[in-house]
file model.csv (CSV, C-alpha atoms)
chain,number,residue,atom,x,y,z
A,1,MET,CA,80.2,83.7,122.4
A,2,PRO,CA,80.1,86.3,119.6
A,3,ARG,CA,81.1,85.2,116.2
A,4,LYS,CA,83.1,87.1,113.5
A,5,ARG,CA,81.2,88.1,110.4
A,6,PRO,CA,82.1,86.3,107.2
A,7,GLY,CA,83.7,89.4,105.7
A,8,ALA,CA,86.0,89.8,108.7
A,9,LEU,CA,87.1,86.2,108.3
A,10,ARG,CA,88.0,86.7,104.6
A,11,ALA,CA,89.7,90.0,105.1
A,12,ALA,CA,93.5,90.0,105.0
A,13,PRO,CA,95.2,90.2,108.4
A,14,ASP,CA,96.5,93.6,109.2
A,15,ARG,CA,100.3,93.1,109.4
A,16,THR,CA,102.9,95.5,110.5
A,17,PRO,CA,105.7,95.9,108.0
A,18,VAL,CA,109.0,94.3,109.0
A,19,TRP,CA,110.9,97.5,108.9
A,20,LEU,CA,108.5,99.1,111.5
A,21,CYS,CA,109.1,96.1,113.9
A,22,GLU,CA,112.7,97.2,114.5
A,23,PRO,CA,113.0,98.6,118.0
A,24,GLY,CA,114.4,102.0,118.8
A,25,ARG,CA,116.1,104.5,116.7
A,26,ILE,CA,119.5,105.2,115.1
A,27,SER,CA,121.8,107.3,117.3
A,28,SER,CA,121.6,111.0,116.7
A,29,LEU,CA,118.6,110.7,114.3
A,30,SER,CA,114.9,111.1,114.9
A,31,LEU,CA,112.5,108.2,115.1
A,32,ALA,CA,110.9,109.1,111.8
A,33,THR,CA,114.2,109.3,110.0
A,34,SER,CA,115.3,106.0,111.6
A,35,ALA,CA,112.0,104.4,110.4
A,36,ALA,CA,112.6,105.8,106.8
A,37,ILE,CA,116.1,104.4,106.8
A,38,ARG,CA,115.0,101.0,107.9
A,39,ARG,CA,112.3,101.0,105.3
A,40,VAL,CA,114.9,101.8,102.6
A,41,GLU,CA,117.1,99.1,103.9
A,42,TYR,CA,114.4,96.5,103.8
A,43,GLU,CA,112.8,97.5,100.5
A,44,HIS,CA,115.8,98.0,98.2
A,45,GLU,CA,117.6,95.0,96.8
A,46,PHE,CA,121.1,96.5,96.7
A,47,TYR,CA,123.9,94.2,98.0
A,48,GLU,CA,125.4,96.9,100.1
A,49,VAL,CA,122.2,98.4,101.6
A,50,HIS,CA,120.8,95.7,103.9
A,51,PRO,CA,118.9,95.9,107.3
A,52,GLY,CA,121.1,97.6,109.9
A,53,ALA,CA,123.8,98.7,107.4
A,54,THR,CA,123.3,102.5,108.0
A,55,GLU,CA,123.5,102.2,111.7
A,56,VAL,CA,126.7,100.2,111.5
A,57,ALA,CA,128.1,102.6,108.9
A,58,LEU,CA,127.5,105.6,111.1
A,59,LEU,CA,129.1,103.8,114.1
A,60,ARG,CA,132.2,102.9,112.1
A,61,TYR,CA,132.5,106.4,110.6
A,62,ARG,CA,132.4,107.9,114.1
A,63,ARG,CA,134.8,105.3,115.4
A,64,PHE,CA,137.3,106.1,112.6
A,65,LEU,CA,137.1,109.8,113.4
A,66,ALA,CA,137.5,109.1,117.2
A,67,ARG,CA,141.0,107.6,116.7
A,68,PRO,CA,143.8,109.5,118.3
A,69,GLY,CA,146.2,111.5,116.3
A,70,ARG,CA,146.1,114.6,114.1
A,71,ILE,CA,146.2,112.8,110.8
A,72,LEU,CA,144.2,109.7,109.9
A,73,TYR,CA,144.8,107.3,107.1
A,74,PRO,CA,141.9,105.1,105.7
A,75,SER,CA,142.9,101.5,105.3
A,76,LEU,CA,141.5,98.9,102.9
A,77,ALA,CA,139.2,96.2,104.2
A,78,GLN,CA,140.7,92.7,104.5
A,79,CYS,CA,137.5,91.1,103.1
A,80,THR,CA,134.9,92.3,100.6
A,81,CYS,CA,131.9,90.8,102.3
A,82,ARG,CA,129.1,93.1,103.5
A,83,GLY,CA,130.2,93.3,107.1
A,84,CYS,CA,134.0,93.4,106.7
A,85,SER,CA,134.0,95.9,103.8
A,86,LEU,CA,132.7,98.5,106.3
A,87,ASP,CA,136.2,98.5,107.9
A,88,ASP,CA,137.2,100.9,105.1
A,89,VAL,CA,135.9,104.3,105.9
A,90,THR,CA,135.6,105.2,102.2
A,91,HIS,CA,133.4,102.3,101.7
A,92,VAL,CA,131.3,103.4,104.7
A,93,ARG,CA,130.9,106.8,103.0
A,94,ASP,CA,129.9,105.1,99.7
A,95,LEU,CA,127.1,103.2,101.5
A,96,LEU,CA,125.9,106.4,103.2
A,97,ALA,CA,125.8,108.1,99.8
A,98,GLU,CA,123.6,105.3,98.5
A,99,VAL,CA,121.2,105.5,101.4
A,100,LEU,CA,121.0,109.3,101.1
A,101,ALA,CA,120.1,108.9,97.4
A,102,LEU,CA,117.2,106.5,98.3
A,103,LEU,CA,115.6,108.4,101.1
A,104,PRO,CA,112.7,110.8,100.9
A,105,ALA,CA,113.4,114.5,101.3
A,106,ARG,CA,113.0,115.1,105.0
A,107,PRO,CA,114.9,112.1,106.3
A,108,ARG,CA,117.5,112.7,103.6
A,109,ALA,CA,118.0,116.3,104.9
A,110,GLU,CA,118.4,115.1,108.5
A,111,LEU,CA,120.8,112.3,107.7
A,112,SER,CA,122.7,114.6,105.3
A,113,ARG,CA,123.3,117.1,108.2
A,114,LEU,CA,124.8,114.3,110.3
A,115,VAL,CA,126.9,113.0,107.4
A,116,THR,CA,128.1,116.5,106.5
A,117,ARG,CA,129.3,117.0,110.0
A,118,LEU,CA,131.3,113.7,109.9
A,119,ASP,CA,132.6,114.6,106.4
A,120,ARG,CA,134.1,117.8,107.7
A,121,GLY,CA,136.1,115.7,110.3
A,122,LEU,CA,137.2,113.3,107.6
A,123,LEU,CA,138.3,116.1,105.2
A,124,ARG,CA,140.2,117.9,108.0
A,125,ARG,CA,142.0,114.8,109.4
A,126,THR,CA,143.0,113.0,106.2
A,127,LEU,CA,145.4,113.9,103.4
A,128,HIS,CA,144.7,114.2,99.7
A,129,SER,CA,146.3,111.6,97.6
A,130,PRO,CA,148.4,113.0,94.7
A,131,HIS,CA,147.8,109.9,92.5
A,132,ALA,CA,144.0,109.7,93.0
A,133,GLU,CA,143.1,111.6,89.8
A,134,ALA,CA,144.7,108.9,87.6
A,135,HIS,CA,142.1,106.3,88.7
A,136,PRO,CA,138.5,106.8,87.5
A,137,TRP,CA,137.0,104.9,90.4
A,138,ARG,CA,138.8,107.1,92.9
A,139,SER,CA,138.0,110.4,91.3
A,140,ARG,CA,134.2,109.9,91.5
A,141,ALA,CA,134.0,111.0,95.1
A,142,TRP,CA,136.2,113.3,97.2
A,143,TRP,CA,136.4,110.8,100.1
A,144,ARG,CA,138.0,108.2,97.8
A,145,MET,CA,140.8,110.6,96.9
A,146,ARG,CA,142.4,110.4,100.4
A,147,LEU,CA,145.8,109.0,101.1
A,148,TYR,CA,145.5,105.4,102.3
A,149,ASP,CA,147.5,103.7,105.1
A,150,GLY,CA,150.4,101.5,103.8
A,151,GLU,CA,149.3,101.7,100.2
A,152,VAL,CA,151.1,103.8,97.6
A,153,ASP,CA,148.0,103.5,95.4
A,154,PRO,CA,145.3,101.1,96.4
A,155,PRO,CA,143.6,99.1,93.6

call {"tool": "encode", "arguments": {"input": "model.csv", "output": "structure tokens"}}
result
Amino acid sequence: MPRKRPGALRAAPDRTPVWLCEPGRISSLSLATSAAIRRVEYEHEFYEVHPGATEVALLRYRRFLARPGRILYPSLAQCTCRGCSLDDVTHVRDLLAEVLALLPARPRAELSRLVTRLDRGLLRRTLHSPHAEAHPWRSRAWWRMRLYDGEVDPP
């Protein structure tokens, strides 16, 4: 029976990174972009950006835009934990903006094209809030300046 050389025994085992072990790809994105997104989700220590968050965010964004009716109203999430906070489409868009800022150039461009297409639908089907400019946290991004459901002015 052949034996391993001493150098081979002392060498570090070749391990595949965890983010590459995730099967498949994110819907509507290439395999390379999906891998880059998973890498960002695993390597960065932001509370909002965690493994699988981008895929869930894109799914919730599409689901919000697929609702029936001509005009849509974002609603506030009932809970502020990682999973429940994605019930608010404006929070979903915040998460996607964070992921876009962390990605390398090519995957960022591909994800940006997809998000831009979804943004057009959000902009077209939601209404501008007349009171949004009075709140600094809402005036930072256009998607936060939309009229919310059941809220005159959300906190």

call {"tool": "residues_around", "arguments": {"input": "model.csv", "residues": "A:Pro104", "least_positions_apart": "3", "cutoff": "10 Å", "atoms": "only C-alpha atoms", "output": "PyMOL selection string"}}
result
chain A and resi 33+36-37+40+100-101+107-109

call {"tool": "atom_distance", "arguments": {"input": "model.csv", "atom1": "atom CA of A:His128", "atom2": "atom CA of A:Ser28"}}
result
28.9 Å

call {"tool": "closest_residue", "arguments": {"input": "model.csv", "among": "A:Glu48, A:Arg25, A:Leu96, A:Ser34", "to": "A:Thr80", "atoms": "only C-alpha atoms"}}
result
A:Glu48

call {"tool": "atom_distance", "arguments": {"input": "model.csv", "atom1": "atom CA of A:Gly83", "atom2": "atom CA of A:Ala53"}}
result
8.4 Å

call {"tool": "residues_near_point", "arguments": {"input": "model.csv", "point": "(121.5, 105.3, 110.1)", "cutoff": "8 Å", "atoms": "only C-alpha atoms", "output": "compact mmCIF listing (two decimals) with C-alpha atoms, in the coordinates of the input"}}
result
# COMPACT_ATOMS: atom_id res chain seq x y z
CA ILE A 26 119.50 105.20 115.10
CA SER A 27 121.80 107.30 117.30
CA LEU A 29 118.60 110.70 114.30
CA SER A 34 115.30 106.00 111.60
CA ILE A 37 116.10 104.40 106.80
CA GLY A 52 121.10 97.60 109.90
CA ALA A 53 123.80 98.70 107.40
CA THR A 54 123.30 102.50 108.00
CA GLU A 55 123.50 102.20 111.70
CA VAL A 56 126.70 100.20 111.50
CA ALA A 57 128.10 102.60 108.90
CA LEU A 58 127.50 105.60 111.10
CA LEU A 111 120.80 112.30 107.70

call {"tool": "closest_residue", "arguments": {"input": "model.csv", "among": "A:Phe64, A:Asp119, A:Tyr47, A:Ala132", "to": "A:Cys81", "atoms": "all atoms listed in the file"}}
result
A:Tyr47

call {"tool": "atom_distance", "arguments": {"input": "model.csv", "atom1": "atom CA of A:Pro68", "atom2": "atom CA of A:Arg146"}}
result
18.0 Å
